[in-house]
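S.K.: Data file model-v1.cif (mmCIF, C-alpha atoms) is appended below.
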data_structure
loop_
_atom_site.label_atom_id
_atom_site.label_comp_id
_atom_site.auth_asym_id
_atom_site.auth_seq_id
_atom_site.Cartn_x
_atom_site.Cartn_y
_atom_site.Cartn_z
CA MET J 267 -44.82 1.69 -29.83
CA PRO J 268 -43.15 1.93 -26.40
CA ALA J 269 -45.11 1.64 -23.18
CA GLU J 270 -43.33 4.69 -21.76
CA THR J 271 -44.97 8.10 -21.93
CA VAL J 272 -41.92 10.16 -20.96
CA ASN J 273 -38.82 10.96 -22.98
CA ARG J 274 -35.91 11.52 -20.58
CA GLN J 275 -33.53 14.21 -21.80
CA TRP J 276 -30.40 16.09 -20.81
CA LEU J 277 -30.62 19.69 -22.01
CA LEU J 278 -27.97 22.35 -22.44
CA ALA J 279 -28.92 24.63 -19.53
CA ARG J 280 -26.35 27.34 -20.25
CA ARG J 281 -23.31 27.96 -22.38
CA PRO J 282 -20.21 26.73 -20.53
CA ARG J 283 -17.75 29.40 -19.46
CA GLY J 284 -14.34 27.80 -19.44
CA GLN J 285 -14.26 24.26 -18.07
CA VAL J 286 -17.53 22.49 -18.83
CA GLY J 287 -19.32 21.13 -15.76
CA VAL J 288 -22.41 19.17 -14.74
CA ASP J 289 -24.24 22.42 -13.89
CA ASP J 290 -24.19 23.34 -17.58
CA PHE J 291 -26.81 20.62 -18.17
CA ALA J 292 -30.35 20.07 -16.89
CA ARG J 293 -32.35 16.85 -16.58
CA HIS J 294 -35.81 17.10 -18.19
CA ASP J 295 -38.77 14.81 -18.84
CA ALA J 296 -40.46 15.60 -22.15
CA PRO J 297 -43.54 14.00 -23.71
CA LEU J 298 -42.86 11.01 -25.92
CA PRO J 299 -42.55 12.05 -29.60
CA GLN J 300 -45.76 11.55 -31.54
CA ALA J 301 -46.17 8.34 -33.55
CA ASP J 302 -47.75 10.06 -36.56
CA LEU J 303 -44.50 10.42 -38.49
CA ALA J 304 -44.18 12.38 -41.70
CA ALA J 305 -43.23 10.47 -44.82
CA GLY J 306 -39.61 9.37 -44.58
CA GLU J 307 -39.26 9.90 -40.83
CA ILE J 308 -38.48 7.31 -38.19
CA LEU J 309 -38.85 7.14 -34.41
CA VAL J 310 -35.81 5.65 -32.66
CA ARG J 311 -35.05 4.48 -29.13
CA ASN J 312 -31.46 5.22 -28.12
CA LEU J 313 -29.49 2.26 -26.77
CA MET J 314 -25.96 3.61 -26.43
CA LEU J 315 -24.37 7.07 -26.59
CA GLY J 316 -20.94 8.04 -27.86
CA PHE J 317 -18.98 11.05 -26.61
CA ASP J 318 -16.53 13.23 -28.54
CA PRO J 319 -14.52 16.33 -27.62
CA ALA J 320 -16.11 18.15 -30.56
CA GLN J 321 -19.39 18.30 -28.60
CA ARG J 322 -17.79 20.90 -26.34
CA GLY J 323 -17.35 23.22 -29.33
CA TRP J 324 -20.99 22.79 -30.35
CA MET J 325 -22.02 24.21 -26.98
CA ASP J 326 -20.48 27.61 -27.76
CA ASP J 327 -22.49 30.19 -29.68
CA VAL J 328 -19.92 30.56 -32.46
CA PRO J 329 -20.00 29.77 -36.19
CA SER J 330 -18.81 26.27 -37.02
CA TYR J 331 -19.46 23.39 -39.41
CA LEU J 332 -22.62 22.59 -37.39
CA PRO J 333 -24.93 25.11 -35.75
CA PRO J 334 -24.50 25.57 -31.98
CA ILE J 335 -26.69 23.55 -29.66
CA MET J 336 -29.50 25.80 -28.49
CA ILE J 337 -30.18 26.47 -24.82
CA ASP J 338 -32.89 24.16 -23.41
CA GLU J 339 -32.48 21.69 -26.27
CA PRO J 340 -31.17 18.11 -25.90
CA VAL J 341 -27.41 17.98 -26.19
CA ARG J 342 -26.39 16.86 -29.67
CA GLY J 343 -24.42 13.63 -29.68
CA SER J 344 -23.97 10.35 -31.49
CA ALA J 345 -26.04 7.31 -30.58
CA VAL J 346 -26.92 3.82 -31.70
CA ALA J 347 -30.68 3.31 -31.63
CA ARG J 348 -33.40 0.85 -32.56
CA VAL J 349 -36.12 1.90 -35.00
CA ILE J 350 -39.47 1.48 -33.22
CA ALA J 351 -41.72 3.20 -35.78
CA SER J 352 -40.96 3.90 -39.40
CA GLY J 353 -42.29 5.91 -42.29
CA ASN J 354 -39.22 5.08 -44.35
CA PRO J 355 -38.66 1.70 -46.08
CA ALA J 356 -34.89 2.18 -45.83
CA TYR J 357 -35.20 1.88 -42.02
CA PRO J 358 -37.60 -0.96 -41.11
CA GLU J 359 -38.94 -1.33 -37.60
CA GLY J 360 -36.57 -3.30 -35.41
CA SER J 361 -33.45 -2.34 -37.35
CA MET J 362 -30.46 -0.59 -35.79
CA VAL J 363 -29.14 2.81 -36.86
CA ARG J 364 -26.46 5.32 -35.88
CA GLY J 365 -26.93 9.08 -35.91
CA LEU J 366 -26.81 12.36 -33.98
CA PHE J 367 -29.88 11.53 -31.92
CA GLY J 368 -28.78 13.38 -28.79
CA TRP J 369 -28.87 12.89 -25.04
CA GLN J 370 -32.40 11.49 -24.75
CA ASP J 371 -34.32 8.22 -24.85
CA TYR J 372 -36.29 8.86 -28.06
CA ALA J 373 -35.78 10.93 -31.18
CA VAL J 374 -37.46 11.51 -34.52
CA ALA J 375 -34.85 11.06 -37.25
CA ALA J 376 -34.46 11.09 -41.04
CA ARG J 377 -36.21 14.44 -41.26
CA ALA J 378 -35.77 16.47 -44.42
CA GLY J 379 -32.49 18.37 -44.31
CA ASP J 380 -30.99 16.26 -41.52
CA PRO J 381 -28.10 13.82 -42.07
CA ASP J 382 -29.36 10.36 -42.94
CA PRO J 383 -29.06 7.78 -40.14
CA VAL J 384 -26.51 5.05 -40.85
CA PRO J 385 -27.89 1.49 -40.87
CA ILE J 386 -26.03 -0.90 -38.56
CA SER J 387 -25.54 -4.49 -39.69
CA GLU J 388 -26.57 -7.34 -37.41
CA ASP J 389 -22.95 -8.48 -36.98
CA THR J 390 -21.89 -5.09 -35.57
CA ALA J 391 -22.29 -4.47 -31.84
CA PRO J 392 -23.42 -0.98 -30.72
CA GLU J 393 -20.03 -0.33 -29.12
CA GLU J 394 -18.34 -1.16 -32.43
CA ALA J 395 -20.71 1.06 -34.40
CA LEU J 396 -19.93 4.04 -32.15
CA GLY J 397 -16.31 3.08 -31.56
CA ILE J 398 -13.95 1.41 -33.98
CA PHE J 399 -16.42 1.56 -36.90
CA GLY J 400 -17.63 5.05 -36.08
CA ALA J 401 -16.75 8.58 -37.10
CA ALA J 402 -13.53 8.69 -35.04
CA SER J 403 -11.89 5.89 -37.01
CA LEU J 404 -13.11 7.27 -40.33
CA THR J 405 -11.67 10.65 -39.33
CA ALA J 406 -8.31 9.03 -38.62
CA TYR J 407 -8.35 7.25 -41.99
CA VAL J 408 -9.27 10.31 -44.05
CA GLY J 409 -6.91 12.55 -42.11
CA MET J 410 -3.98 10.24 -42.61
CA TYR J 411 -4.48 9.27 -46.23
CA ASP J 412 -6.50 11.99 -47.97
CA VAL J 413 -5.32 15.04 -46.05
CA GLY J 414 -1.90 13.98 -44.76
CA ARG J 415 -0.88 11.92 -47.80
CA LEU J 416 0.67 9.23 -45.60
CA ARG J 417 3.63 7.43 -47.17
CA ALA J 418 5.79 4.46 -46.22
CA GLY J 419 8.97 5.67 -44.56
CA ASP J 420 7.41 8.84 -43.13
CA CYS J 421 8.26 9.92 -39.62
CA VAL J 422 4.75 10.42 -38.20
CA LEU J 423 3.80 12.24 -35.00
CA VAL J 424 0.32 11.77 -33.51
CA SER J 425 -0.89 13.84 -30.55
CA GLY J 426 -3.78 12.63 -28.43
CA ALA J 427 -2.53 9.27 -29.63
CA ALA J 428 -4.31 7.14 -27.04
CA GLY J 429 -7.74 8.62 -27.84
CA ALA J 430 -10.40 7.28 -30.17
CA VAL J 431 -9.07 9.13 -33.24
CA GLY J 432 -5.39 9.15 -32.34
CA SER J 433 -5.10 5.44 -31.55
CA VAL J 434 -6.47 4.50 -34.97
CA ALA J 435 -4.33 7.13 -36.70
CA THR J 436 -1.27 5.67 -34.97
CA GLN J 437 -2.07 2.15 -36.17
CA ILE J 438 -2.90 3.26 -39.72
CA ALA J 439 0.50 4.93 -39.94
CA ARG J 440 2.20 1.79 -38.66
CA LEU J 441 0.36 -0.37 -41.20
CA ALA J 442 1.52 1.97 -43.97
CA GLY J 443 5.16 1.40 -43.05
CA ALA J 444 5.78 4.70 -41.26
CA ARG J 445 7.81 5.28 -38.10
CA VAL J 446 5.33 6.52 -35.49
CA ILE J 447 5.76 8.66 -32.38
CA GLY J 448 2.70 9.09 -30.16
CA ILE J 449 1.99 11.71 -27.51
CA ALA J 450 -0.36 10.82 -24.64
CA GLY J 451 -0.98 11.66 -20.99
CA GLY J 452 0.32 9.22 -18.39
CA ALA J 453 2.59 6.20 -18.29
CA GLU J 454 -0.23 3.70 -18.82
CA LYS J 455 -1.49 5.30 -22.02
CA CYS J 456 2.07 5.58 -23.31
CA ARG J 457 2.46 1.87 -22.65
CA TRP J 458 -0.67 1.18 -24.72
CA LEU J 459 0.81 3.13 -27.60
CA ILE J 460 3.87 0.94 -27.82
CA GLU J 461 2.61 -2.46 -26.67
CA ASP J 462 -0.91 -2.47 -28.13
CA TYR J 463 -0.93 0.08 -30.95
CA GLY J 464 2.57 -0.48 -32.32
CA ALA J 465 4.05 3.00 -31.96
CA ASP J 466 7.83 3.14 -32.15
CA ALA J 467 8.03 5.67 -29.33
CA ALA J 468 5.73 7.45 -26.91
CA ILE J 469 6.00 10.81 -25.14
CA ASP J 470 4.19 11.43 -21.85
CA TYR J 471 3.30 15.11 -22.05
CA ARG J 472 2.52 15.16 -18.32
CA ALA J 473 6.01 14.06 -17.30
CA GLU J 474 8.28 14.97 -20.21
CA ASP J 475 9.35 18.00 -22.22
CA VAL J 476 7.64 17.25 -25.54
CA ARG J 477 9.81 19.57 -27.63
CA ALA J 478 13.07 18.22 -26.17
CA ARG J 479 11.99 14.60 -26.62
CA LEU J 480 11.01 15.23 -30.23
CA GLY J 481 14.50 16.58 -30.88
CA LYS J 482 15.95 13.25 -29.76
CA LEU J 483 13.34 10.96 -31.32
CA ALA J 484 13.08 12.74 -34.68
CA PRO J 485 16.42 14.43 -35.38
CA GLU J 486 15.62 14.61 -39.11
CA GLY J 487 12.21 16.15 -38.44
CA ILE J 488 8.56 15.13 -38.59
CA ASP J 489 7.19 14.36 -42.07
CA LEU J 490 3.54 14.12 -41.01
CA PHE J 491 2.02 15.50 -37.81
CA PHE J 492 -1.57 14.45 -37.03
CA ASP J 493 -2.62 16.89 -34.30
CA ASN J 494 -5.61 16.41 -32.00
CA VAL J 495 -4.44 18.74 -29.23
CA GLY J 496 -3.32 22.19 -30.42
CA GLY J 497 -1.66 24.71 -28.11
CA ALA J 498 1.86 23.98 -26.88
CA THR J 499 1.78 20.53 -28.46
CA LEU J 500 1.12 22.01 -31.89
CA GLU J 501 3.98 24.47 -31.34
CA ALA J 502 6.32 21.60 -30.50
CA GLY J 503 5.34 19.76 -33.66
CA ILE J 504 5.86 22.86 -35.82
CA ALA J 505 9.28 23.35 -34.23
CA HIS J 506 10.33 19.92 -35.49
CA ILE J 507 8.51 19.75 -38.82
CA ALA J 508 10.66 18.43 -41.66
CA ARG J 509 11.17 20.18 -44.97
CA PHE J 510 8.00 19.74 -47.03
CA GLY J 511 6.28 18.28 -43.97
CA ARG J 512 2.50 18.11 -43.58
CA ILE J 513 0.51 19.07 -40.49
CA VAL J 514 -3.06 17.78 -40.26
CA LEU J 515 -5.30 19.68 -37.82
CA CYS J 516 -7.98 17.31 -36.53
CA GLY J 517 -8.74 18.84 -33.12
CA ALA J 518 -7.48 21.13 -30.37
CA ILE J 519 -8.73 19.59 -27.14
CA SER J 520 -6.18 21.50 -25.06
CA GLY J 521 -8.14 24.72 -25.69
CA TYR J 522 -11.78 23.61 -25.81
CA ASN J 523 -12.43 24.84 -22.26
CA ASP J 524 -10.39 28.05 -22.47
CA THR J 525 -12.21 31.26 -21.57
CA HIS J 526 -10.09 33.30 -24.00
CA ALA J 527 -8.76 32.45 -27.43
CA ALA J 528 -5.24 31.03 -27.20
CA VAL J 529 -2.34 33.06 -28.56
CA GLY J 530 -0.28 31.25 -31.17
CA PRO J 531 1.15 28.99 -32.29
CA ARG J 532 3.97 31.49 -32.04
CA ASN J 533 6.28 29.74 -34.51
CA LEU J 534 4.19 29.65 -37.68
CA MET J 535 7.03 31.35 -39.54
CA ARG J 536 8.90 28.02 -39.41
CA LEU J 537 6.49 26.68 -42.01
CA ILE J 538 7.98 29.06 -44.58
CA PRO J 539 11.64 27.96 -44.64
CA GLN J 540 10.54 24.34 -44.21
CA ARG J 541 8.05 24.74 -47.09
CA ALA J 542 5.63 22.87 -44.85
CA GLU J 543 1.84 22.93 -45.04
CA MET J 544 -0.85 22.90 -42.36
CA ARG J 545 -4.47 22.05 -43.08
CA GLY J 546 -7.61 21.52 -41.08
CA PHE J 547 -10.32 19.10 -42.17
CA ILE J 548 -13.78 17.79 -41.31
CA LEU J 549 -15.01 14.27 -42.07
CA LEU J 550 -18.24 15.68 -43.51
CA ASP J 551 -16.24 16.91 -46.53
CA HIS J 552 -15.05 13.39 -47.33
CA LEU J 553 -18.19 11.27 -47.07
CA ASP J 554 -17.53 9.80 -50.52
CA ARG J 555 -14.57 8.00 -48.97
CA VAL J 556 -16.58 6.32 -46.22
CA PRO J 557 -17.46 3.04 -48.03
CA SER J 558 -13.89 2.22 -49.05
CA ALA J 559 -12.45 3.41 -45.75
CA MET J 560 -14.95 1.34 -43.78
CA ALA J 561 -14.21 -1.77 -45.83
CA GLU J 562 -10.49 -1.45 -45.11
CA LEU J 563 -11.06 -0.70 -41.43
CA ARG J 564 -13.28 -3.78 -41.10
CA HIS J 565 -10.61 -5.94 -42.71
CA TRP J 566 -7.93 -4.63 -40.37
CA VAL J 567 -10.06 -5.01 -37.24
CA ARG J 568 -11.39 -8.49 -38.06
CA SER J 569 -7.86 -9.66 -38.84
CA ASP J 570 -6.57 -8.17 -35.54
CA ARG J 571 -4.31 -5.69 -37.30
CA ILE J 572 -6.02 -2.76 -35.56
CA ARG J 573 -6.84 -2.90 -31.87
CA TYR J 574 -9.12 -0.65 -29.88
CA ARG J 575 -10.46 0.09 -26.42
CA THR J 576 -13.91 1.14 -25.30
CA ASP J 577 -14.85 2.67 -21.96
CA ILE J 578 -18.53 1.86 -21.34
CA GLN J 579 -20.36 3.57 -18.50
CA GLN J 580 -24.01 2.81 -17.71
CA GLY J 581 -27.02 4.84 -16.63
CA PHE J 582 -28.99 7.75 -18.05
CA ASP J 583 -28.45 9.89 -14.97
CA ILE J 584 -24.65 9.99 -15.35
CA ILE J 585 -24.55 11.16 -18.97
CA PRO J 586 -23.01 14.58 -18.13
CA GLN J 587 -20.39 13.05 -15.83
CA THR J 588 -19.50 10.56 -18.54
CA PHE J 589 -18.97 13.40 -21.03
CA LEU J 590 -16.64 15.13 -18.56
CA ARG J 591 -14.39 12.06 -18.51
CA LEU J 592 -13.10 13.20 -21.91
CA PHE J 593 -11.58 16.32 -20.34
CA ASN J 594 -10.10 14.97 -17.11
CA GLY J 595 -8.26 12.07 -18.74
CA SER J 596 -10.18 9.31 -16.93
CA ASN J 597 -11.64 7.70 -20.06
CA GLN J 598 -9.89 4.48 -21.04
CA GLY J 599 -10.50 4.42 -24.80
CA LYS J 600 -13.55 5.51 -26.77
CA GLN J 601 -16.05 6.91 -24.27
CA LEU J 602 -19.51 5.31 -24.45
CA LEU J 603 -22.56 4.97 -22.23
CA ARG J 604 -25.19 2.24 -22.25
CA ILE J 605 -28.63 3.64 -21.47
CA ASP J 606 -30.34 1.76 -18.68
CA GLY J 607 -33.64 -0.03 -19.18
CA VAL J 608 -33.21 -1.01 -22.84
CA GLU J 609 -32.09 -4.15 -24.63
#
Kindly return the structure encoded in the file as structure tokens.
M.R.:
Amino acid sequence: MPAETVNRQWLLARRPRGQVGVDDFARHDAPLPQADLAAGEILVRNLMLGFDPAQRGWMDDVPSYLPPIMIDEPVRGSAVARVIASGNPAYPEGSMVRGLFGWQDYAVAARAGDPDPVPISEDTAPEEALGIFGAASLTAYVGMYDVGRLRAGDCVLVSGAAGAVGSVATQIARLAGARVIGIAGGAEKCRWLIEDYGADAAIDYRAEDVRARLGKLAPEGIDLFFDNVGGATLEAGIAHIARFGRIVLCGAISGYNDTHAAVGPRNLMRLIPQRAEMRGFILLDHLDRVPSAMAELRHWVRSDRIRYRTDIQQGFDIIPQTFLRLFNGSNQGKQLLRIDGVE
């Protein structure tokens, strides 16, 4: 058992109104969780946190695929942790696991009805478990293959293409023999797309007219559009969708901090003459694909066929500021934070 008696936490202090800010969270010291675990439960010590745009949606009191985070509860988020007490033989003391353990030092996991923690092998670093071998990469794989039905020769458009999901989606499309156009913010991230991730072309949405550039780069239309952004970017993709094209809705980060629901896309009627389809998806509906997807991702990464970036901040006290990096464009790859004071 740990020598500490306090469990540091960051709580959701209020529901964000528009742009999320540090004042929406409150630092709190809670008692350490009790060691008398129920059968099957484990006590974990968080080592590293991962941050995803989807967490912003969980802060709103609206129906979704997960219940909203409650006020004055630790913010839900992914973490890699060490098991320090166990009532479950599947998770021995000292082993490493990944799960939604939240913004805190300690958590009780593997409770009845909760998602099972994912064991982490000894040859996988925490930043790999939360990054390239985490949910973002699996989402890219499932979205491309199972939902988007990726084919060699496709003209593929990926928005948010320099992010954790988009960068892997871009490389998966390239490996499948598709022609890939990526959309990202800023010249540096567009350079990554071409030089590091193998995209055939990149569009800087901050400096270029996305719709006009797509007309030049994809004159025959987009066969598969993997969208992480929504809003005007989704409209631009719909405007250039090819006949029988597929649009995969993975996220809509452009609107996560809006105070009012966005109007549009205004050109949905284009899907009808193009006989195109548009479908949203959640990784949780495809968990049966995780073992095979992970095996292929590991092969690609270990053979240097897929590259990735991680942005690792450090320190428990800057957890909220690190989360905000996702929304101001300052993160340089998958956003992570190493909790201070742990090995």
S.K.: So how many Å separate CA of Ile519 (chain J) and CA of Val495 (chain J), to one decimal?
M.R.: 4.8 Å
S.K.: With distances taken over only C-alpha atoms, which residue among J:Glu388, J:Asp371, J:Glu394, J:Asp462 lies nearest Arg568 (chain J)?
M.R.: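 Using only C-alpha atoms, Arg568 (chain J) sits closest to J:Glu394.
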S.K.: What does the PyMOL selection byres ((chain J and resi 563) around 9) select in this file, as a list in words?
M.R.: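 So the PyMOL selection byres ((chain J and resi 563) around 9), applied here, picks out Ile398, Phe399, Ser403, Leu404, Tyr407, Ser558, Ala559, Met560, Ala561, Glu562, Arg564, His565, Trp566, Val567, Arg568 and Ile572 of chain J.
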S.K.: Once the PyMOL selection byres ((chain J and resi 309) around 10) is applied to the coordinates I shared, what remains selected? I want it as a ChimeraX atom specification.
M.R.: /J:267,299-303,307-308,310-312,347-353,357,359,372-376
S.K.: Check what the PyMOL selection byres ((chain J and resi 340) around 12) selects in the file above and give those residues as a VMD selection string.
M.R.: chain J and resid 273 to 280 291 to 296 325 334 to 339 341 to 344 366 to 373 585 to 586
S.K.: Closest to Ala320 (chain J) among J:Arg555, J:Leu298, J:Ile507, J:Cys516, using all atoms listed in the file?
M.R.: J:Cys516
S.K.: Show me the residues around (-0.6, 7.2, -24.9) - criterion: an atom at most 9 Å away, only C-alpha atoms counted - as a compact mmCIF listing (two decimals) with C-alpha atoms, in the coordinates of the input.
M.R.:
# COMPACT_ATOMS: atom_id res chain seq x y z
CA SER J 425 -0.89 13.84 -30.55
CA GLY J 426 -3.78 12.63 -28.43
CA ALA J 427 -2.53 9.27 -29.63
CA ALA J 428 -4.31 7.14 -27.04
CA GLY J 429 -7.74 8.62 -27.84
CA SER J 433 -5.10 5.44 -31.55
CA GLY J 448 2.70 9.09 -30.16
CA ILE J 449 1.99 11.71 -27.51
CA ALA J 450 -0.36 10.82 -24.64
CA GLY J 451 -0.98 11.66 -20.99
CA GLY J 452 0.32 9.22 -18.39
CA ALA J 453 2.59 6.20 -18.29
CA GLU J 454 -0.23 3.70 -18.82
CA LYS J 455 -1.49 5.30 -22.02
CA CYS J 456 2.07 5.58 -23.31
CA ARG J 457 2.46 1.87 -22.65
CA TRP J 458 -0.67 1.18 -24.72
CA LEU J 459 0.81 3.13 -27.60
CA ILE J 460 3.87 0.94 -27.82
CA ALA J 468 5.73 7.45 -26.91
CA ILE J 469 6.00 10.81 -25.14
CA ASP J 470 4.19 11.43 -21.85
S.K.: Find the residues near region 523-536 of chain J: any atom within 9 Å, counting all atoms listed in the file, skip ones fewer than 6 places away on the same chain, and give them as a ChimeraX atom specification.
M.R.: /J:282-286,322-323,496-498,500-501,504-505,507,542,593
S.K.: What is the CA of Ile548 (chain J) to CA of Ala401 (chain J) distance in Å?
M.R.: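 It comes out at 10.6 Å.
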S.K.: Could you give me, as a ChimeraX atom specification, the residues within 6 Å of Lys600 (chain J), counting only C-alpha atoms and dropping anything in the same chain fewer than 6 positions from it?
M.R.: /J:430,576-577
S.K.: In Å, rounded to a single decimal, give me how far CA of Arg541 (chain J) is from CA of Phe510 (chain J).
M.R.: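 One can read the CA of Phe510 (chain J) to CA of Arg541 (chain J) distance as 5.0 Å.
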S.K.: For each of J:Arg417, J:Leu537, J:Ala465, J:Tyr574, take the minimum atom-to-atom distance to Arg440 (chain J), counting all atoms listed in the file, then give the residue where this is smallest.
M.R.: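 Of J:Arg417, J:Leu537, J:Ala465, J:Tyr574, the one nearest Arg440 (chain J) is J:Ala465, counting all atoms listed in the file.
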S.K.: Name the residues in contact with Pro485 (chain J) at a cut-off of 10 Å, using all atoms listed in the file, excluding same-chain residues fewer than 4 positions from it; report them as an MDAnalysis selection string.
M.R.: chainID J and resid 479:481 506 508
S.K.: Using all atoms listed in the file, pick whichever of J:Ala305, J:Ala502, J:Leu590, J:Ala442 has the shortest atom-to-atom distance to Cys421 (chain J).
M.R.: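 Checking each of J:Ala305, J:Ala502, J:Leu590, J:Ala442 against Cys421 (chain J), counting all atoms listed in the file, the winner is J:Ala442.
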S.K.: Would you be able to write out as a list of chain:residue names which residues have an atom within 6 Å of (1.7, 13.5, -39.0) in the file's coordinates, counting only C-alpha atoms?
M.R.: J:Val422, J:Leu423, J:Val424, J:Leu490, J:Phe491, J:Phe492, J:Ile513
S.K.: Env of Ile578 (chain J): 9 Å cut, atoms = all atoms listed in the file, seq-sep filter 3 positions within chain, self excluded. Answer as an MDAnalysis selection string.
M.R.: chainID J and resid 393 600:604
S.K.: Could region 511-518 of chain J be completed with all heavy atoms and returned as a tab-separated table (two decimals), keeping the file's coordinate frame?
M.R.:
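Written file, rebuild.tsv:
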chain	number	residue	atom	x	y	z
J	511	GLY	N	7.14	19.05	-44.87
J	511	GLY	CA	6.28	18.28	-43.97
J	511	GLY	C	4.83	18.71	-44.07
J	511	GLY	O	4.49	19.78	-44.59
J	512	ARG	N	3.95	17.85	-43.55
J	512	ARG	CA	2.50	18.11	-43.58
J	512	ARG	C	1.95	18.05	-42.16
J	512	ARG	O	2.27	17.10	-41.42
J	512	ARG	CB	1.76	17.07	-44.44
J	512	ARG	CG	2.09	17.11	-45.93
J	512	ARG	CD	3.23	16.15	-46.28
J	512	ARG	NE	2.84	14.76	-46.08
J	512	ARG	CZ	3.73	13.77	-45.90
J	512	ARG	NH1	5.03	14.01	-45.84
J	512	ARG	NH2	3.31	12.52	-45.76
J	513	ILE	N	1.17	19.04	-41.80
J	513	ILE	CA	0.51	19.07	-40.49
J	513	ILE	C	-0.99	19.01	-40.71
J	513	ILE	O	-1.55	19.84	-41.42
J	513	ILE	CB	0.89	20.34	-39.70
J	513	ILE	CG1	2.40	20.42	-39.49
J	513	ILE	CG2	0.15	20.37	-38.36
J	513	ILE	CD1	2.86	21.72	-38.88
J	514	VAL	N	-1.62	18.00	-40.13
J	514	VAL	CA	-3.06	17.78	-40.26
J	514	VAL	C	-3.72	18.20	-38.94
J	514	VAL	O	-3.42	17.64	-37.88
J	514	VAL	CB	-3.36	16.30	-40.57
J	514	VAL	CG1	-4.87	16.07	-40.62
J	514	VAL	CG2	-2.71	15.89	-41.88
J	515	LEU	N	-4.61	19.18	-39.01
J	515	LEU	CA	-5.30	19.68	-37.82
J	515	LEU	C	-6.65	18.99	-37.70
J	515	LEU	O	-7.58	19.27	-38.45
J	515	LEU	CB	-5.48	21.19	-37.90
J	515	LEU	CG	-4.20	22.02	-38.05
J	515	LEU	CD1	-4.55	23.51	-38.14
J	515	LEU	CD2	-3.25	21.77	-36.89
J	516	CYS	N	-6.75	18.06	-36.74
J	516	CYS	CA	-7.98	17.31	-36.53
J	516	CYS	C	-8.77	17.86	-35.35
J	516	CYS	O	-10.00	17.87	-35.36
J	516	CYS	CB	-7.64	15.84	-36.30
J	516	CYS	SG	-9.07	14.79	-36.02
J	517	GLY	N	-8.07	18.32	-34.30
J	517	GLY	CA	-8.74	18.84	-33.12
J	517	GLY	C	-7.79	19.67	-32.30
J	517	GLY	O	-6.59	19.76	-32.61
J	518	ALA	N	-8.31	20.28	-31.25
J	518	ALA	CA	-7.48	21.13	-30.37
J	518	ALA	C	-8.03	21.04	-28.95
J	518	ALA	O	-8.39	22.04	-28.34
J	518	ALA	CB	-7.47	22.57	-30.86
